[in-house]
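Here is the structure we will look at, set down as structure tokens.
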Amino acid sequence: MPESNMPGFPWLAHNTIDASVTPKRMVALRRVGVPYTDAQIAGASAEVMGKTEQEALIAYLQQLGTAARTGRIEAAE
């Protein structure tokens, strides 16, 4: 938005997520307490295939907003 004082981060719209690394990251995060299920980890590559970093960031922020409203934090789906 032109009125925003935040930088544009234009690369987020162009960089795609490496779907082969996503399950490995989720396994590591589960080791430190993030409640990812085996099914979520198994489906992670298909879920992010072809998505940009911008799409992933928006989905994450939407999830945080939902968690704040409901008072619950859930693993990403």
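Each chain of the structure tokens is named A, B, ... in the order shown, its residues numbered from 1; ligands are numbered from 1 in display order.
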Within 10 Å of stretch 36-49 of chain A using only C-alpha atoms, minus same-chain residues under 4 positions, as a list in words: Thr16, Ile17, Asp18, Ala19, Ser20, Val21, Thr22, Pro23, Lys24, Arg25, Met26, Val27, Leu29, Arg30, Arg31, Glu53, Glu55, Ala56, Glu74, Ala75, Ala76 and Glu77 of chain A
Based on the backbone DSSP call, show me all residues of chain A assigned alpha helix (DSSP H), as a ChimeraX atom specification. /A:22-31,38-42,44-48,53-70
Please provide the set of residues having any atom within 10 Å of A:Trp11, restricted to only C-alpha atoms, with same-chain residues fewer than 2 positions apart removed, written as a VMD selection string. chain A and resid 8 to 9 13 to 16 52 to 54
Output the selection as a compact mmCIF listing (two decimals), in the first residue's frame - N, CA, C and O atoms for each residue.
# COMPACT_ATOMS: atom_id res chain seq x y z
N GLY A 8 8.47 -2.82 0.64
CA GLY A 8 7.61 -3.65 -0.19
C GLY A 8 7.89 -5.15 -0.16
O GLY A 8 7.02 -5.94 -0.41
N PHE A 9 9.13 -5.57 0.12
CA PHE A 9 9.53 -6.97 0.08
C PHE A 9 9.08 -7.65 -1.21
O PHE A 9 8.40 -8.67 -1.19
N ALA A 13 6.86 -12.15 -3.47
CA ALA A 13 5.89 -12.49 -4.51
C ALA A 13 6.50 -13.36 -5.61
O ALA A 13 5.77 -13.99 -6.37
N HIS A 14 7.83 -13.42 -5.67
CA HIS A 14 8.49 -14.14 -6.76
C HIS A 14 9.15 -15.44 -6.29
O HIS A 14 9.27 -16.37 -7.09
N ASN A 15 9.60 -15.50 -5.05
CA ASN A 15 10.27 -16.70 -4.54
C ASN A 15 9.25 -17.77 -4.21
O ASN A 15 8.32 -17.54 -3.45
N THR A 16 9.44 -18.95 -4.79
CA THR A 16 8.56 -20.06 -4.45
C THR A 16 9.16 -20.87 -3.30
O THR A 16 10.38 -20.85 -3.08
N THR A 52 4.09 -19.16 -3.34
CA THR A 52 5.16 -18.19 -3.13
C THR A 52 5.35 -17.95 -1.63
O THR A 52 4.49 -18.28 -0.80
N GLU A 53 6.47 -17.34 -1.30
CA GLU A 53 6.72 -16.97 0.09
C GLU A 53 5.67 -15.97 0.57
O GLU A 53 5.29 -15.98 1.73
N GLN A 54 5.19 -15.13 -0.33
CA GLN A 54 4.16 -14.16 0.02
C GLN A 54 2.87 -14.87 0.43
O GLN A 54 2.24 -14.52 1.43
Using atom CA of A:Glu3 and atom CA of A:Arg69 as the two end points, give the distance in Å to one decimal.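 About the pair atom CA of A:Glu3 and atom CA of A:Arg69: they are 26.7 Å apart.
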Quick one: distance from atom CA of A:Leu12 to atom CA of A:Gln63 in Å, one decimal?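 Here the two named atoms are 18.3 Å from each other.
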